[in-house]
Amino acid sequence: MKKRDIRITLIIIAASLCIFYLYYFTNSLVNGYIEIDAGGADAVLQLRSGFLGSETISSKSEPIQVNNRILKPKALTLSKFQDNNGTNLSCYGPWGNISKIRIKNNETTKIRLGQPLLIKPSISNVGGYVSIGFSIVGHAGEIYEIARTEPVPKIKIIDEQGNTLASGNFAYG
């Protein structure tokens, strides 16, 4: 009985290794190129390729060659400098339209992300307190985070005539 169990275990391990090898081998048969268009901003996109591989792409560089059929984003940094002022945004998901990037053989896949950025407000009323927040959504539906800055961002709520209804500071957390 023990020899039979050992054989079955070895067969299962061998079959799993064969499936892993075939998946990795067939995924690496595709040779395509990938390029980022960030709408005038500097972008650095880190991608996962397979189980162990990764690629890093910059909007400043030429299209790079990738040897994978499907890539998944891991991290994105978007930087824009204007008049000696810089803004850095980071994205770690959700990714919107770029959650899976499919590469076609001998073709260049162009990823459009970043600008124009859309600021979506979120308002909630819990226990008599009104909480106002926002999220920054990029061109492909990716949601960005802003690094904490000093001083704390301020908010002013005005009506249609331009009268100030309320004002205050955002709080982190």
# chains A, B, ... in the order shown; residues from 1 in each chain; ligands from 1
>>> select_by_dssp(residues="stretch 118-158 of chain A", states="strand (DSSP E)", output="PyMOL selection string")
chain A and resi 118-126+129-137+143-146+154-158
>>> residues_around(residues="stretch 109-121 of chain A", least_positions_apart="6", cutoff="7 Å", atoms="only C-alpha atoms", output="JSON, numbers by chain")
{"A": [33, 34, 35, 36, 37, 38, 39, 103, 133, 134, 135, 136, 137, 138, 139, 140]}
>>> write_last_selection(atoms="N, CA and C atoms", output="PDB file, in the first residue's frame")
ATOM      1  N   TYR A  33       6.220  43.686 -28.656  1.00  0.00           N
ATOM      2  CA  TYR A  33       6.765  44.907 -28.075  1.00  0.00           C
ATOM      3  C   TYR A  33       5.667  45.613 -27.300  1.00  0.00           C
ATOM      4  N   ILE A  34       6.079  46.383 -26.301  1.00  0.00           N
ATOM      5  CA  ILE A  34       5.125  47.133 -25.502  1.00  0.00           C
ATOM      6  C   ILE A  34       5.650  48.553 -25.317  1.00  0.00           C
ATOM      7  N   GLU A  35       4.723  49.505 -25.355  1.00  0.00           N
ATOM      8  CA  GLU A  35       5.063  50.929 -25.267  1.00  0.00           C
ATOM      9  C   GLU A  35       4.019  51.624 -24.410  1.00  0.00           C
ATOM     10  N   ILE A  36       4.452  52.673 -23.685  1.00  0.00           N
ATOM     11  CA  ILE A  36       3.552  53.443 -22.820  1.00  0.00           C
ATOM     12  C   ILE A  36       3.360  54.835 -23.396  1.00  0.00           C
ATOM     13  N   ASP A  37       2.105  55.286 -23.417  1.00  0.00           N
ATOM     14  CA  ASP A  37       1.776  56.671 -23.741  1.00  0.00           C
ATOM     15  C   ASP A  37       1.091  57.249 -22.504  1.00  0.00           C
ATOM     16  N   ALA A  38       1.781  58.157 -21.814  1.00  0.00           N
ATOM     17  CA  ALA A  38       1.261  58.722 -20.565  1.00  0.00           C
ATOM     18  C   ALA A  38       0.757  60.147 -20.740  1.00  0.00           C
ATOM     19  N   GLY A  39       0.534  60.590 -21.952  1.00  0.00           N
ATOM     20  CA  GLY A  39      -0.041  61.910 -22.176  1.00  0.00           C
ATOM     21  C   GLY A  39       0.834  63.055 -21.719  1.00  0.00           C
ATOM     22  N   ILE A 103      -0.293  40.570 -25.308  1.00  0.00           N
ATOM     23  CA  ILE A 103       0.745  40.871 -26.293  1.00  0.00           C
ATOM     24  C   ILE A 103       0.539  39.965 -27.500  1.00  0.00           C
ATOM     25  N   GLY A 133     -14.436  62.710   0.238  1.00  0.00           N
ATOM     26  CA  GLY A 133     -13.182  62.178  -0.254  1.00  0.00           C
ATOM     27  C   GLY A 133     -13.162  62.257  -1.771  1.00  0.00           C
ATOM     28  N   PHE A 134     -12.116  61.756  -2.345  1.00  0.00           N
ATOM     29  CA  PHE A 134     -12.023  61.737  -3.796  1.00  0.00           C
ATOM     30  C   PHE A 134     -11.091  60.634  -4.237  1.00  0.00           C
ATOM     31  N   SER A 135     -11.248  60.241  -5.472  1.00  0.00           N
ATOM     32  CA  SER A 135     -10.299  59.317  -6.077  1.00  0.00           C
ATOM     33  C   SER A 135      -9.886  59.899  -7.422  1.00  0.00           C
ATOM     34  N   ILE A 136      -8.659  59.615  -7.816  1.00  0.00           N
ATOM     35  CA  ILE A 136      -8.112  60.114  -9.068  1.00  0.00           C
ATOM     36  C   ILE A 136      -8.070  58.945 -10.037  1.00  0.00           C
ATOM     37  N   VAL A 137      -8.803  59.063 -11.138  1.00  0.00           N
ATOM     38  CA  VAL A 137      -8.929  57.983 -12.106  1.00  0.00           C
ATOM     39  C   VAL A 137      -8.228  58.393 -13.389  1.00  0.00           C
ATOM     40  N   GLY A 138      -7.369  57.498 -13.888  1.00  0.00           N
ATOM     41  CA  GLY A 138      -6.617  57.758 -15.108  1.00  0.00           C
ATOM     42  C   GLY A 138      -7.372  57.352 -16.355  1.00  0.00           C
ATOM     43  N   HIS A 139      -6.728  57.525 -17.489  1.00  0.00           N
ATOM     44  CA  HIS A 139      -7.323  57.278 -18.806  1.00  0.00           C
ATOM     45  C   HIS A 139      -7.817  55.839 -18.967  1.00  0.00           C
ATOM     46  N   ALA A 140      -7.094  54.864 -18.443  1.00  0.00           N
ATOM     47  CA  ALA A 140      -7.458  53.456 -18.596  1.00  0.00           C
ATOM     48  C   ALA A 140      -8.335  52.946 -17.451  1.00  0.00           C
TER      49      ALA A 140
END
>>> atom_distance(atom1="atom CA of A:Asn67", atom2="atom CA of A:Ile101")
12.6 Å
>>> atom_distance(atom1="atom CA of A:Ser54", atom2="atom CA of A:Tyr144")
21.3 Å
>>> closest_residue(among="A:Glu142, A:Asp83, A:Tyr129, A:Ala41", to="A:Asn97", atoms="only C-alpha atoms")
A:Glu142
>>> closest_residue(among="A:Leu45, A:Ile12, A:Ile70, A:Leu22", to="A:Arg102", atoms="only C-alpha atoms")
A:Ile70
>>> residues_around(residues="A:Arg48", least_positions_apart="2", cutoff="7 Å", atoms="only C-alpha atoms", output="list in words")
Gln46, Gly50, Gly53, Ser54, Glu55, Leu71, Lys72, Pro73 and Lys74 of chain A
>>> select_by_dssp(residues="stretch 17-158 of chain A", states="helix (DSSP H, G or I)", output="PyMOL selection string")
chain A and resi 17-27+96-98
>>> residues_around(residues="stretch 89-92 of chain A", least_positions_apart="4", cutoff="7 Å", atoms="only C-alpha atoms", output="PyMOL selection string")
chain A and resi 74-79+143-147
>>> write_last_selection(atoms="N, CA and C atoms", output="short mmCIF file (atom, residue, chain, number, x, y, z; two decimals), in the first residue's frame")
data_model
loop_
_atom_site.label_atom_id
_atom_site.label_comp_id
_atom_site.auth_asym_id
_atom_site.auth_seq_id
_atom_site.Cartn_x
_atom_site.Cartn_y
_atom_site.Cartn_z
N LYS A 74 1.83 45.58 -11.81
CA LYS A 74 2.16 45.43 -10.40
C LYS A 74 2.19 46.80 -9.72
N ALA A 75 2.81 47.79 -10.36
CA ALA A 75 2.91 49.14 -9.79
C ALA A 75 3.10 50.14 -10.92
N LEU A 76 2.58 51.33 -10.72
CA LEU A 76 2.69 52.41 -11.70
C LEU A 76 2.99 53.70 -10.97
N THR A 77 3.97 54.44 -11.46
CA THR A 77 4.30 55.76 -10.92
C THR A 77 4.18 56.77 -12.04
N LEU A 78 3.45 57.83 -11.79
CA LEU A 78 3.22 58.88 -12.77
C LEU A 78 3.76 60.18 -12.20
N SER A 79 4.64 60.86 -12.95
CA SER A 79 5.26 62.11 -12.49
C SER A 79 5.05 63.19 -13.53
N ILE A 143 -6.72 53.67 -10.74
CA ILE A 143 -6.98 54.60 -9.64
C ILE A 143 -5.67 54.92 -8.94
N TYR A 144 -5.36 56.21 -8.84
CA TYR A 144 -4.09 56.68 -8.29
C TYR A 144 -4.22 57.09 -6.84
N GLU A 145 -3.09 57.06 -6.16
CA GLU A 145 -2.96 57.55 -4.80
C GLU A 145 -1.99 58.72 -4.82
N ILE A 146 -2.24 59.69 -3.96
CA ILE A 146 -1.35 60.84 -3.84
C ILE A 146 -0.48 60.64 -2.61
N ALA A 147 0.80 60.88 -2.77
CA ALA A 147 1.69 60.82 -1.61
C ALA A 147 1.30 61.92 -0.63
#
>>> atom_distance(atom1="atom CA of A:Gln65", atom2="atom CA of A:Thr108")
8.7 Å
>>> closest_residue(among="A:Lys100, A:Thr9, A:Gly128, A:Phe20", to="A:Ser49", atoms="only C-alpha atoms")
A:Lys100
>>> decode(residues="stretch 38-137 of chain A", atoms="C-alpha atoms", output="compact mmCIF listing (two decimals), in the first residue's frame")
# COMPACT_ATOMS: atom_id res chain seq x y z
CA ALA A 38 1.26 58.72 -20.56
CA GLY A 39 -0.04 61.91 -22.18
CA GLY A 40 3.02 64.08 -21.54
CA ALA A 41 3.79 62.78 -18.05
CA ASP A 42 6.65 60.49 -17.06
CA ALA A 43 5.41 57.00 -16.26
CA VAL A 44 7.14 53.88 -14.98
CA LEU A 45 5.09 50.68 -15.13
CA GLN A 46 6.15 47.45 -13.45
CA LEU A 47 4.57 44.34 -14.92
CA ARG A 48 4.40 40.71 -13.80
CA SER A 49 5.11 38.17 -16.49
CA GLY A 50 4.39 34.61 -15.54
CA PHE A 51 5.19 33.25 -12.11
CA LEU A 52 8.72 34.51 -11.69
CA GLY A 53 9.35 37.19 -14.30
CA SER A 54 8.84 40.92 -14.33
CA GLU A 55 9.30 43.81 -16.75
CA THR A 56 9.74 47.54 -16.11
CA ILE A 57 8.67 49.98 -18.81
CA SER A 58 9.17 53.73 -18.93
CA SER A 59 7.30 56.25 -21.05
CA LYS A 60 10.64 57.89 -21.86
CA SER A 61 12.09 54.77 -23.49
CA GLU A 62 11.55 53.12 -26.84
CA PRO A 63 9.17 50.15 -27.05
CA ILE A 64 10.74 47.17 -25.30
CA GLN A 65 10.57 43.56 -26.36
CA VAL A 66 8.66 41.16 -24.15
CA ASN A 67 8.43 37.41 -24.46
CA ASN A 68 5.10 36.79 -22.80
CA ARG A 69 1.53 36.48 -23.95
CA ILE A 70 -0.15 38.10 -20.93
CA LEU A 71 1.28 40.74 -18.58
CA LYS A 72 -0.32 42.03 -15.39
CA PRO A 73 0.48 45.40 -13.78
CA LYS A 74 2.16 45.43 -10.40
CA ALA A 75 2.91 49.14 -9.79
CA LEU A 76 2.69 52.41 -11.70
CA THR A 77 4.30 55.76 -10.92
CA LEU A 78 3.22 58.88 -12.77
CA SER A 79 5.26 62.11 -12.49
CA LYS A 80 4.56 65.53 -13.94
CA PHE A 81 6.72 68.62 -13.47
CA GLN A 82 5.55 72.10 -14.39
CA ASP A 83 6.88 75.49 -13.28
CA ASN A 84 9.30 73.93 -10.75
CA ASN A 85 6.40 72.06 -9.12
CA GLY A 86 6.20 68.30 -9.28
CA THR A 87 3.41 65.85 -8.68
CA ASN A 88 3.87 62.14 -8.13
CA LEU A 89 0.98 59.70 -8.29
CA SER A 90 1.15 55.98 -7.56
CA CYS A 91 -1.15 53.16 -8.58
CA TYR A 92 -1.23 49.66 -7.15
CA GLY A 93 -4.69 48.76 -8.44
CA PRO A 94 -7.50 48.55 -9.31
CA TRP A 95 -6.23 48.72 -12.89
CA GLY A 96 -9.32 49.25 -15.04
CA ASN A 97 -8.72 48.38 -18.71
CA ILE A 98 -5.07 47.42 -18.21
CA SER A 99 -5.60 44.66 -15.63
CA LYS A 100 -4.45 42.13 -18.26
CA ILE A 101 -2.26 43.28 -21.12
CA ARG A 102 -2.32 40.88 -24.05
CA ILE A 103 0.75 40.87 -26.29
CA LYS A 104 0.43 39.79 -29.91
CA ASN A 105 3.30 38.16 -31.75
CA ASN A 106 5.55 40.59 -33.67
CA GLU A 107 3.28 43.59 -32.89
CA THR A 108 3.67 46.65 -30.67
CA THR A 109 1.06 47.00 -27.94
CA LYS A 110 0.57 50.64 -26.92
CA ILE A 111 -0.79 51.28 -23.45
CA ARG A 112 -2.55 54.61 -22.94
CA LEU A 113 -2.68 55.60 -19.28
CA GLY A 114 -2.45 58.65 -17.06
CA GLN A 115 -3.79 61.92 -18.43
CA PRO A 116 -6.50 63.07 -18.67
CA LEU A 117 -7.09 62.49 -14.98
CA LEU A 118 -10.61 62.54 -13.62
CA ILE A 119 -11.28 63.43 -9.98
CA LYS A 120 -14.33 61.57 -8.67
CA PRO A 121 -15.72 62.82 -5.37
CA SER A 122 -17.18 60.47 -2.79
CA ILE A 123 -19.51 61.84 -0.11
CA SER A 124 -20.93 59.88 2.82
CA ASN A 125 -22.99 60.80 5.86
CA VAL A 126 -22.33 58.61 8.90
CA GLY A 127 -23.67 59.46 12.34
CA GLY A 128 -24.15 63.14 11.60
CA TYR A 129 -20.67 63.60 10.12
CA VAL A 130 -20.22 64.28 6.45
CA SER A 131 -17.12 62.72 4.94
CA ILE A 132 -15.87 64.06 1.62
CA GLY A 133 -13.18 62.18 -0.25
CA PHE A 134 -12.02 61.74 -3.80
CA SER A 135 -10.30 59.32 -6.08
CA ILE A 136 -8.11 60.11 -9.07
CA VAL A 137 -8.93 57.98 -12.11
